[in-house]
Amino acid sequence: MAIQEITTLPTPERTMASLLLFSKTNNANQPSPSAPAPPTFSESLMRENIENSESMIRKWDPSNPSMERFVALFQENRKEAKEFVRCVKDLRRAMHYLISEHASSDQLVLANKLMKISMKRLEKEFFQILSANREYLNPESVSSGSSRLSRSLSFGNSEDDEEYKHLSNDDDAPMSKVERATSDLKLIAETMISSGYGKECLKIYKITRKSILDEELYRLGVKSHSSINVMNRLGSETLEYQVEKWMVAAKIAVRSLFRGERSLCDHVFSASETIKQACISYVTVEGAIKLFKFPEMVAKSKRSPEKIFPLMNMHETISDLWTDIDSIFSYESLSDIRLQALSSLHKLRDSVQTILSEYATSIQKNSSKTTIPGGGIHPMTCSVMDYVASLADNSGALAEILAEDQETIVARSPFPESYFDISAPNSSVASRLAWIILVLLCKLDSKAELYSDVGLSYLFLANNLESVIEKASTTALKLILGEEWLSKLQNKMKQYAANYESVAWSKALSCLPAENAVAEMSPAAISKCFRQFNSAFEEEHRKQSLWVVPDSKLRDDIKVSIARKLVPAYREFYDSYMTVLSKESNDFEVLARFSPDNLGNYLSDLFHNTALFRHSTSSNQSRMLRCL
């Protein structure tokens with residue numbers, strides 16, 4: 001009994017064993033407390049990414065006290081730049097994972113802090129590349145290399161090393177400084193945009209690039225212009241100089257500066273359409289509006305006939321550049337630029353058409369009563385034809401301004417279809433120029449009525465119409481208005497000359513008897529005929545010695561025509577009665593003081609305005625008689 005009791009006494013070991021046994025028995029019926037689960041593979045990988053990124057990012061922390069001066073990562077160590085970008089990319093992946101799986105994790109706080117540091121570094125790198133490469137990233141250089149950029153620097157969003165291949169340390173890589181800089185900018189922009197820092201990147205780019213573009217535009221002379229009142233006070237030479245400068249500036253600005261900015265912006269911010277449009281809009285709108293506002297201000301300023309040429313030149317410049325303008329400023333955010341360019345085109349077109357209408361009206365309203373001595377060329381004829389010839393030289397630009405629907409041209413044309421070919425390519429120009437010339441000819445008709453001598457009025461018309469024909473046949477007007485139009489004017493001019501001859505010399509010719517009346521005339525009647533002819537010839541010669549025919553061909557044609565009518569008739573009369581009068585009259589030399597040969601000499605001296613009436617009986621054969 002004693003032994004049995006001793007063996008059953010609880011010892012410390014047994015007591016512990018029994019407690020453990022009790023605990024196990026109870027645990028079999030109760031849940032055990034939770035223990036921390038081991039990290040998954042994804043968690044381990046994300047933590048490793050954060051740790052690896054932290055060492056690289058903190059090394060290049062711009063606020064790191066160990067950095068006494070700013071060191072451009074992309075310039076000094078392109079291999080580490082490649083690693084830095086990769087670390088940012090890995091950090092971004094880790095943050096996305098932690099946000100979705102462990103939003104309250106301390107690791108997410110650390111990753112967010114590291115991301116801010118890396119973005120500060122990339123901001124400084126972005127600004128450094130833009131500033132340090134200012135010489136190579138000027139808009140003209142970018143524009144000239146834009147096609148190559150688009151071919152060689154398209155990285156896309158690939159996940160492999162192709163995205164970073166341009167960051168190798170191989171300085172002999174076949175990339176220009178422009179290409180290297182733009183590719184670095186593109187990579188930084190894509191990294192910042194994908195990390196949610198696109199606005200910060202855009203702000204740096206806008207401020208930097210706008211200052212560069214504005215400086216280039218200012219160098220070209222593109223600036224805000226004064227009011228229209230100031231524009232009105234500009235002299236014609238000053239205005240012409242400014243227009244020439246503007247035309248040069250417009251071509252360079254559109255085809256180099258703006259094209260370069262659009263190409264660079266599209267390339268750098270290809271990852272975001274919204275940022276890309278905001279960028280190019282901020283950089284270019286102000287300068288482009290200034291550029292295209294100038295033609296509109298010139299068009300709205302005071303009009304004058306000579307201003308039409310710079311207006312046409314500016315219209316032609318914008319028209320030639322329109323394809324580029326429409327392409328470069330194609331975004332909706334750039335619509336104000338396109339609208340301004342279109343507004344200038346319309347204002348220029350309207351102003352040119354108004355000037356042409358006002359010019360024709362000014363010809364019609366010319367009220368000068370001063371006659372041109374000797375029936376010469378009226379100054380209005382010279383000025384109008386010079387002006388119209390200059391318009392013809394600019395027919396290409398003018399045709400675009402006057403372009404109308406073919407049916408409208410036919411409906412509005414004041415001329416019959418036979419006047420000139422209204423289906424010709426320049427029919428609108430031909431119609432307008434022919435109308436101005438017609439207005440001139442009508443005004444010349446009214447000017448001819450100011451002469452008291454009808455013969456002189458016809459000579460005036462012949463002279464001026466010949467001047468019109470000469471100008472038209474030796475300039476671009478001949479191609480525009482055509483041979484048929486010229487032929488009609490030439491026939492009209494010949495008719496004026498014939499009318500002059502008929503009126504001016506009819507009295508002298510009427511003093512000579514008809515052929516069938518020669519044999520029946522008495523000596524007294526013959527003497528009377530001589531006296532009447534002498535008086536009429538002297539009177540006409542005295543008057544017409546002060547008349548002029550500036551054109552040598554027309555002058556010779558008129559004199560030959562007069563001589564052919566007058567000299568043979570006078571010769572027949574003279575030869576028929578010379579013997580009779582020499583026997584019957586003692587004053588024969590007085591009565592027949594003009595020999596037929598000598599008569600031609602007097603006619604040959606006409607229309608030079610230098611001839612003096614001479615009572616010479618020289619028998620030298622004149623130039624006029626040689627023509628006969």
# chains A, B, ... in the order shown; residues from 1 in each chain; ligands from 1
call {"tool": "residues_around", "arguments": {"residues": "range 558-567 of chain A", "least_positions_apart": "6", "cutoff": "12 Å", "atoms": "only C-alpha atoms", "output": "ChimeraX atom specification"}}
result
/A:459,462-463,493-512,533,537,544,548-552,573-575,594-608,622-628
call {"tool": "residues_around", "arguments": {"residues": "Lys186 in chain A", "least_positions_apart": "4", "cutoff": "8 Å", "atoms": "only C-alpha atoms", "output": "ChimeraX atom specification"}}
result
/A:182,190,267-270
call {"tool": "write_last_selection", "arguments": {"atoms": "C-alpha atoms", "output": "PDB file, in the first residue's frame"}}
result
ATOM      1  CA  THR A 182      15.409  64.613 -77.748  1.00  0.00           C
ATOM      2  CA  GLU A 190       7.398  59.241 -70.433  1.00  0.00           C
ATOM      3  CA  HIS A 267       8.189  63.422 -79.994  1.00  0.00           C
ATOM      4  CA  VAL A 268       8.898  64.302 -76.360  1.00  0.00           C
ATOM      5  CA  PHE A 269       5.276  63.987 -75.187  1.00  0.00           C
ATOM      6  CA  SER A 270       4.139  61.152 -77.422  1.00  0.00           C
TER       7      SER A 270
END
call {"tool": "select_by_dssp", "arguments": {"residues": "range 333-552 of chain A", "states": "alpha helix (DSSP H)", "output": "mmCIF file with C-alpha atoms, in the first residue's frame"}}
result
data_model
loop_
_atom_site.group_PDB
_atom_site.id
_atom_site.type_symbol
_atom_site.label_atom_id
_atom_site.label_comp_id
_atom_site.auth_asym_id
_atom_site.auth_seq_id
_atom_site.Cartn_x
_atom_site.Cartn_y
_atom_site.Cartn_z
ATOM 1 C CA SER A 335 -7.542 76.541 -83.963
ATOM 2 C CA ASP A 336 -7.083 80.218 -83.067
ATOM 3 C CA ILE A 337 -3.912 80.263 -85.162
ATOM 4 C CA ARG A 338 -5.651 78.779 -88.186
ATOM 5 C CA LEU A 339 -8.549 81.189 -87.763
ATOM 6 C CA GLN A 340 -6.191 84.157 -87.594
ATOM 7 C CA ALA A 341 -4.384 83.056 -90.754
ATOM 8 C CA LEU A 342 -7.724 82.597 -92.521
ATOM 9 C CA SER A 343 -8.938 85.966 -91.278
ATOM 10 C CA SER A 344 -5.839 87.628 -92.714
ATOM 11 C CA LEU A 345 -6.385 85.838 -96.028
ATOM 12 C CA HIS A 346 -9.972 87.062 -96.229
ATOM 13 C CA LYS A 347 -9.094 90.610 -95.196
ATOM 14 C CA LEU A 348 -6.288 90.733 -97.772
ATOM 15 C CA ARG A 349 -8.588 89.391 -100.488
ATOM 16 C CA ASP A 350 -11.339 91.869 -99.660
ATOM 17 C CA SER A 351 -8.893 94.770 -99.547
ATOM 18 C CA VAL A 352 -7.382 93.902 -102.939
ATOM 19 C CA GLN A 353 -10.802 93.626 -104.568
ATOM 20 C CA THR A 354 -11.886 96.908 -102.989
ATOM 21 C CA ILE A 355 -8.748 98.682 -104.200
ATOM 22 C CA LEU A 356 -9.374 97.467 -107.760
ATOM 23 C CA SER A 357 -12.960 98.700 -107.661
ATOM 24 C CA GLU A 358 -11.968 102.030 -106.170
ATOM 25 C CA TYR A 359 -9.192 102.414 -108.736
ATOM 26 C CA ALA A 360 -11.609 101.979 -111.643
ATOM 27 C CA THR A 361 -13.978 104.432 -109.981
ATOM 28 C CA SER A 362 -11.184 106.984 -109.553
ATOM 29 C CA ILE A 363 -10.524 106.823 -113.309
ATOM 30 C CA GLN A 364 -14.181 107.452 -114.028
ATOM 31 C CA PRO A 379 -0.449 111.105 -117.989
ATOM 32 C CA MET A 380 -3.485 109.099 -116.928
ATOM 33 C CA THR A 381 -2.883 106.712 -119.836
ATOM 34 C CA CYS A 382 0.699 106.086 -118.751
ATOM 35 C CA SER A 383 -0.101 105.640 -115.066
ATOM 36 C CA VAL A 384 -3.088 103.354 -115.645
ATOM 37 C CA MET A 385 -1.275 101.139 -118.134
ATOM 38 C CA ASP A 386 1.812 100.918 -115.919
ATOM 39 C CA TYR A 387 -0.461 99.909 -113.063
ATOM 40 C CA VAL A 388 -2.385 97.349 -115.098
ATOM 41 C CA ALA A 389 0.849 95.906 -116.504
ATOM 42 C CA SER A 390 2.169 95.502 -112.965
ATOM 43 C CA LEU A 391 -1.047 93.718 -112.022
ATOM 44 C CA ALA A 392 -0.538 91.427 -114.995
ATOM 45 C CA ASP A 393 2.967 90.625 -113.745
ATOM 46 C CA SER A 395 -1.473 87.575 -112.317
ATOM 47 C CA GLY A 396 -0.862 84.365 -110.372
ATOM 48 C CA ALA A 397 -1.502 86.000 -107.010
ATOM 49 C CA LEU A 398 -4.312 88.092 -108.461
ATOM 50 C CA ALA A 399 -6.016 85.073 -110.024
ATOM 51 C CA GLU A 400 -6.253 83.357 -106.650
ATOM 52 C CA ILE A 401 -7.756 86.454 -105.081
ATOM 53 C CA LEU A 402 -10.240 86.952 -107.915
ATOM 54 C CA GLN A 406 -17.067 79.967 -113.798
ATOM 55 C CA GLU A 407 -20.806 80.609 -114.062
ATOM 56 C CA THR A 408 -20.436 83.674 -111.845
ATOM 57 C CA ILE A 409 -17.670 84.990 -114.101
ATOM 58 C CA VAL A 410 -19.880 84.666 -117.164
ATOM 59 C CA ALA A 411 -22.865 86.215 -115.399
ATOM 60 C CA ARG A 412 -20.914 89.215 -114.103
ATOM 61 C CA SER A 427 -10.307 84.702 -117.166
ATOM 62 C CA SER A 428 -11.108 86.436 -113.872
ATOM 63 C CA VAL A 429 -7.879 88.433 -114.109
ATOM 64 C CA ALA A 430 -8.455 89.167 -117.809
ATOM 65 C CA SER A 431 -11.976 90.379 -117.104
ATOM 66 C CA ARG A 432 -10.875 92.705 -114.325
ATOM 67 C CA LEU A 433 -7.884 94.145 -116.199
ATOM 68 C CA ALA A 434 -9.832 94.570 -119.433
ATOM 69 C CA TRP A 435 -12.520 96.389 -117.477
ATOM 70 C CA ILE A 436 -9.985 98.866 -116.063
ATOM 71 C CA ILE A 437 -8.591 99.489 -119.553
ATOM 72 C CA LEU A 438 -12.090 99.949 -120.939
ATOM 73 C CA VAL A 439 -12.837 102.503 -118.218
ATOM 74 C CA LEU A 440 -9.632 104.302 -119.227
ATOM 75 C CA LEU A 441 -10.586 104.343 -122.916
ATOM 76 C CA CYS A 442 -14.028 105.703 -122.106
ATOM 77 C CA LYS A 443 -12.460 108.434 -120.032
ATOM 78 C CA LEU A 444 -10.066 109.268 -122.868
ATOM 79 C CA ASP A 445 -13.066 109.702 -125.150
ATOM 80 C CA SER A 446 -14.423 112.334 -122.797
ATOM 81 C CA LYS A 447 -10.976 113.968 -122.587
ATOM 82 C CA ALA A 448 -10.846 114.158 -126.409
ATOM 83 C CA VAL A 454 -11.907 117.748 -134.158
ATOM 84 C CA GLY A 455 -8.838 116.539 -136.034
ATOM 85 C CA LEU A 456 -6.678 117.044 -132.946
ATOM 86 C CA SER A 457 -9.171 115.137 -130.794
ATOM 87 C CA TYR A 458 -8.887 112.140 -133.137
ATOM 88 C CA LEU A 459 -5.095 112.391 -133.111
ATOM 89 C CA PHE A 460 -5.210 112.470 -129.284
ATOM 90 C CA LEU A 461 -7.294 109.290 -129.254
ATOM 91 C CA ALA A 462 -4.997 107.589 -131.765
ATOM 92 C CA ASN A 463 -1.900 108.519 -129.734
ATOM 93 C CA ASN A 464 -3.313 107.302 -126.449
ATOM 94 C CA LEU A 465 -4.780 104.115 -127.845
ATOM 95 C CA GLU A 466 -1.442 103.358 -129.486
ATOM 96 C CA SER A 467 0.207 103.818 -126.092
ATOM 97 C CA VAL A 468 -2.263 101.356 -124.583
ATOM 98 C CA ILE A 469 -1.546 98.843 -127.363
ATOM 99 C CA GLU A 470 2.228 99.235 -127.061
ATOM 100 C CA LYS A 471 2.134 98.603 -123.309
ATOM 101 C CA ALA A 472 -0.220 95.682 -123.648
ATOM 102 C CA SER A 473 1.739 94.008 -126.441
ATOM 103 C CA LEU A 477 -1.055 91.654 -120.686
ATOM 104 C CA LYS A 478 -0.615 90.182 -124.151
ATOM 105 C CA LEU A 479 -0.795 86.626 -122.771
ATOM 106 C CA ILE A 480 -3.670 87.426 -120.445
ATOM 107 C CA LEU A 481 -5.916 89.417 -122.798
ATOM 108 C CA GLY A 482 -4.975 87.637 -126.000
ATOM 109 C CA GLU A 483 -4.210 88.494 -129.608
ATOM 110 C CA GLU A 484 -7.839 89.006 -130.543
ATOM 111 C CA TRP A 485 -8.274 91.681 -127.877
ATOM 112 C CA LEU A 486 -5.146 93.467 -129.150
ATOM 113 C CA SER A 487 -6.324 93.199 -132.733
ATOM 114 C CA LYS A 488 -9.613 94.926 -131.886
ATOM 115 C CA LEU A 489 -7.716 97.813 -130.275
ATOM 116 C CA GLN A 490 -5.359 98.097 -133.243
ATOM 117 C CA ASN A 491 -8.287 98.340 -135.644
ATOM 118 C CA LYS A 492 -9.821 101.000 -133.442
ATOM 119 C CA MET A 493 -6.565 102.956 -133.380
ATOM 120 C CA LYS A 494 -6.303 102.824 -137.179
ATOM 121 C CA GLN A 495 -9.846 104.133 -137.405
ATOM 122 C CA TYR A 496 -8.937 107.073 -135.150
ATOM 123 C CA ALA A 497 -5.927 107.845 -137.354
ATOM 124 C CA ALA A 498 -8.076 107.672 -140.502
ATOM 125 C CA ASN A 499 -10.646 109.985 -138.927
ATOM 126 C CA TYR A 500 -7.870 112.434 -138.082
ATOM 127 C CA GLU A 501 -6.617 112.442 -141.680
ATOM 128 C CA SER A 502 -10.081 112.862 -143.070
ATOM 129 C CA VAL A 503 -10.958 115.788 -140.805
ATOM 130 C CA ALA A 504 -7.586 117.552 -140.635
ATOM 131 C CA SER A 506 -10.187 117.436 -145.964
ATOM 132 C CA LYS A 507 -10.140 121.194 -146.590
ATOM 133 C CA ALA A 508 -6.812 121.099 -148.443
ATOM 134 C CA LEU A 509 -7.901 118.099 -150.481
ATOM 135 C CA SER A 510 -11.211 119.731 -151.331
ATOM 136 C CA PRO A 523 -6.831 130.247 -165.801
ATOM 137 C CA ALA A 524 -8.703 132.323 -163.227
ATOM 138 C CA ALA A 525 -10.264 129.204 -161.715
ATOM 139 C CA ILE A 526 -6.862 127.517 -161.680
ATOM 140 C CA SER A 527 -5.325 130.510 -159.888
ATOM 141 C CA LYS A 528 -8.160 130.404 -157.374
ATOM 142 C CA CYS A 529 -7.557 126.697 -156.715
ATOM 143 C CA PHE A 530 -3.875 127.334 -156.112
ATOM 144 C CA ARG A 531 -4.617 130.171 -153.720
ATOM 145 C CA GLN A 532 -7.204 128.148 -151.794
ATOM 146 C CA PHE A 533 -4.937 125.120 -151.568
ATOM 147 C CA ASN A 534 -1.980 127.243 -150.445
ATOM 148 C CA SER A 535 -4.059 128.860 -147.739
ATOM 149 C CA ALA A 536 -5.560 125.600 -146.520
ATOM 150 C CA PHE A 537 -2.232 123.763 -146.569
ATOM 151 C CA GLU A 538 -0.417 126.568 -144.757
ATOM 152 C CA GLU A 539 -3.146 126.763 -142.129
ATOM 153 C CA GLU A 540 -3.137 123.021 -141.453
ATOM 154 C CA HIS A 541 0.633 122.807 -141.504
ATOM 155 C CA ARG A 542 0.917 125.710 -139.068
ATOM 156 C CA LYS A 543 -1.533 124.088 -136.658
ATOM 157 C CA GLN A 544 -0.223 120.593 -137.003
ATOM 158 C CA SER A 552 7.674 106.688 -134.491
#
call {"tool": "residues_around", "arguments": {"residues": "Asp90 in chain A", "least_positions_apart": "5", "cutoff": "9 Å", "atoms": "only C-alpha atoms", "output": "PyMOL selection string"}}
result
chain A and resi 46+49-50+53+85+95
call {"tool": "closest_residue", "arguments": {"among": "A:Ser194, A:Thr323, A:Ser176, A:Ser100", "to": "Met119 in chain A", "atoms": "only C-alpha atoms"}}
result
A:Ser194
call {"tool": "residues_around", "arguments": {"residues": "Glu215 in chain A", "least_positions_apart": "4", "cutoff": "12 Å", "atoms": "only C-alpha atoms", "output": "list in words"}}
result
Arg134, Asn138, Pro139, Thr208, Arg209, Lys210, Ser211, Arg219, Leu220, Gly221, Val222, Lys223, Ala253, Leu257, Val283 and Gly287 of chain A
call {"tool": "write_last_selection", "arguments": {"atoms": "N, CA and C atoms", "output": "compact mmCIF listing (two decimals), in the first residue's frame"}}
result
# COMPACT_ATOMS: atom_id res chain seq x y z
N ARG A 134 20.41 73.95 -75.68
CA ARG A 134 19.66 75.03 -76.32
C ARG A 134 20.16 75.28 -77.74
N ASN A 138 17.47 74.28 -81.08
CA ASN A 138 16.76 75.41 -81.67
C ASN A 138 15.77 74.88 -82.70
N PRO A 139 14.65 75.57 -82.89
CA PRO A 139 13.58 75.03 -83.75
C PRO A 139 14.03 74.68 -85.15
N THR A 208 10.58 76.83 -70.80
CA THR A 208 11.88 76.83 -71.47
C THR A 208 11.74 77.00 -72.97
N ARG A 209 10.87 76.21 -73.57
CA ARG A 209 10.75 76.23 -75.03
C ARG A 209 10.08 77.51 -75.53
N LYS A 210 9.14 78.05 -74.78
CA LYS A 210 8.48 79.29 -75.22
C LYS A 210 9.48 80.44 -75.27
N SER A 211 10.36 80.50 -74.30
CA SER A 211 11.36 81.57 -74.31
C SER A 211 12.29 81.45 -75.51
N ARG A 219 13.89 87.82 -83.20
CA ARG A 219 15.05 88.01 -84.08
C ARG A 219 14.60 88.16 -85.54
N LEU A 220 13.50 87.51 -85.89
CA LEU A 220 12.97 87.62 -87.25
C LEU A 220 12.12 88.88 -87.44
N GLY A 221 11.89 89.61 -86.36
CA GLY A 221 11.10 90.83 -86.46
C GLY A 221 9.64 90.64 -86.19
N VAL A 222 9.24 89.47 -85.68
CA VAL A 222 7.83 89.22 -85.36
C VAL A 222 7.56 89.78 -83.98
N LYS A 223 6.69 90.76 -83.90
CA LYS A 223 6.38 91.41 -82.64
C LYS A 223 4.98 91.98 -82.70
N ALA A 253 9.45 81.10 -90.06
CA ALA A 253 8.71 80.77 -88.84
C ALA A 253 7.86 79.51 -89.03
N LEU A 257 10.63 77.16 -87.63
CA LEU A 257 10.44 77.33 -86.19
C LEU A 257 9.22 76.55 -85.68
N VAL A 283 3.32 76.99 -76.23
CA VAL A 283 4.59 77.45 -76.81
C VAL A 283 4.38 78.31 -78.04
N GLY A 287 3.05 83.58 -80.34
CA GLY A 287 3.93 84.01 -81.43
C GLY A 287 3.27 83.88 -82.79
call {"tool": "residues_around", "arguments": {"residues": "Glu200 in chain A", "least_positions_apart": "6", "cutoff": "10 Å", "atoms": "only C-alpha atoms", "output": "PyMOL selection string"}}
result
chain A and resi 119-120+123+189+192-193
call {"tool": "atom_distance", "arguments": {"atom1": "CA of Thr474 in chain A", "atom2": "CA of Glu237 in chain A"}}
result
27.5 Å
call {"tool": "atom_distance", "arguments": {"atom1": "CA of Ser263 in chain A", "atom2": "CA of Gln75 in chain A"}}
result
23.4 Å
call {"tool": "decode", "arguments": {"residues": "range 520-549 of chain A", "atoms": "N, CA and C atoms", "output": "compact mmCIF listing (two decimals), in the first residue's frame"}}
result
# COMPACT_ATOMS: atom_id res chain seq x y z
N GLU A 520 -11.67 121.62 -168.07
CA GLU A 520 -12.69 122.66 -168.24
C GLU A 520 -12.39 123.92 -167.46
N MET A 521 -11.30 123.93 -166.68
CA MET A 521 -11.03 125.08 -165.82
C MET A 521 -10.32 126.20 -166.57
N SER A 522 -10.75 127.42 -166.25
CA SER A 522 -10.12 128.60 -166.83
C SER A 522 -8.89 128.96 -166.01
N PRO A 523 -8.01 129.80 -166.57
CA PRO A 523 -6.83 130.25 -165.80
C PRO A 523 -7.21 130.91 -164.49
N ALA A 524 -8.30 131.67 -164.47
CA ALA A 524 -8.70 132.32 -163.23
C ALA A 524 -9.12 131.29 -162.18
N ALA A 525 -9.84 130.26 -162.64
CA ALA A 525 -10.26 129.20 -161.72
C ALA A 525 -9.06 128.43 -161.19
N ILE A 526 -8.08 128.23 -162.10
CA ILE A 526 -6.86 127.52 -161.68
C ILE A 526 -6.13 128.32 -160.62
N SER A 527 -5.99 129.65 -160.87
CA SER A 527 -5.33 130.51 -159.89
C SER A 527 -6.04 130.48 -158.55
N LYS A 528 -7.38 130.46 -158.62
CA LYS A 528 -8.16 130.40 -157.37
C LYS A 528 -7.91 129.11 -156.62
N CYS A 529 -7.83 128.00 -157.36
CA CYS A 529 -7.56 126.70 -156.71
C CYS A 529 -6.20 126.70 -156.02
N PHE A 530 -5.20 127.27 -156.73
CA PHE A 530 -3.87 127.33 -156.11
C PHE A 530 -3.91 128.15 -154.82
N ARG A 531 -4.58 129.31 -154.91
CA ARG A 531 -4.62 130.17 -153.72
C ARG A 531 -5.34 129.48 -152.56
N GLN A 532 -6.46 128.84 -152.85
CA GLN A 532 -7.20 128.15 -151.79
C GLN A 532 -6.40 126.99 -151.20
N PHE A 533 -5.74 126.24 -152.07
CA PHE A 533 -4.94 125.12 -151.57
C PHE A 533 -3.79 125.63 -150.70
N ASN A 534 -3.09 126.71 -151.22
CA ASN A 534 -1.98 127.24 -150.45
C ASN A 534 -2.44 127.69 -149.06
N SER A 535 -3.55 128.36 -149.01
CA SER A 535 -4.06 128.86 -147.74
C SER A 535 -4.43 127.71 -146.80
N ALA A 536 -5.13 126.73 -147.35
CA ALA A 536 -5.56 125.60 -146.52
C ALA A 536 -4.36 124.78 -146.03
N PHE A 537 -3.41 124.56 -146.94
CA PHE A 537 -2.23 123.76 -146.57
C PHE A 537 -1.41 124.49 -145.50
N GLU A 538 -1.19 125.80 -145.73
CA GLU A 538 -0.42 126.57 -144.76
C GLU A 538 -1.10 126.58 -143.38
N GLU A 539 -2.42 126.73 -143.40
CA GLU A 539 -3.15 126.76 -142.13
C GLU A 539 -3.02 125.44 -141.38
N GLU A 540 -3.23 124.33 -142.10
CA GLU A 540 -3.14 123.02 -141.45
C GLU A 540 -1.70 122.72 -141.02
N HIS A 541 -0.75 123.08 -141.85
CA HIS A 541 0.63 122.81 -141.50
C HIS A 541 1.05 123.61 -140.28
N ARG A 542 0.58 124.87 -140.22
CA ARG A 542 0.92 125.71 -139.07
C ARG A 542 0.34 125.12 -137.78
N LYS A 543 -0.92 124.69 -137.85
CA LYS A 543 -1.53 124.09 -136.66
C LYS A 543 -0.85 122.78 -136.29
N GLN A 544 -0.68 121.94 -137.29
CA GLN A 544 -0.22 120.59 -137.00
C GLN A 544 1.28 120.50 -136.74
N SER A 545 1.99 121.59 -137.03
CA SER A 545 3.41 121.58 -136.68
C SER A 545 3.58 121.59 -135.16
N LEU A 546 2.52 121.92 -134.41
CA LEU A 546 2.56 121.89 -132.96
C LEU A 546 1.93 120.61 -132.38
N TRP A 547 1.41 119.78 -133.27
CA TRP A 547 0.85 118.51 -132.81
C TRP A 547 1.95 117.46 -132.75
N VAL A 548 1.70 116.43 -131.95
CA VAL A 548 2.75 115.42 -131.76
C VAL A 548 2.17 114.02 -131.95
N VAL A 549 3.04 113.13 -132.41
CA VAL A 549 2.76 111.69 -132.43
C VAL A 549 4.01 111.03 -131.88
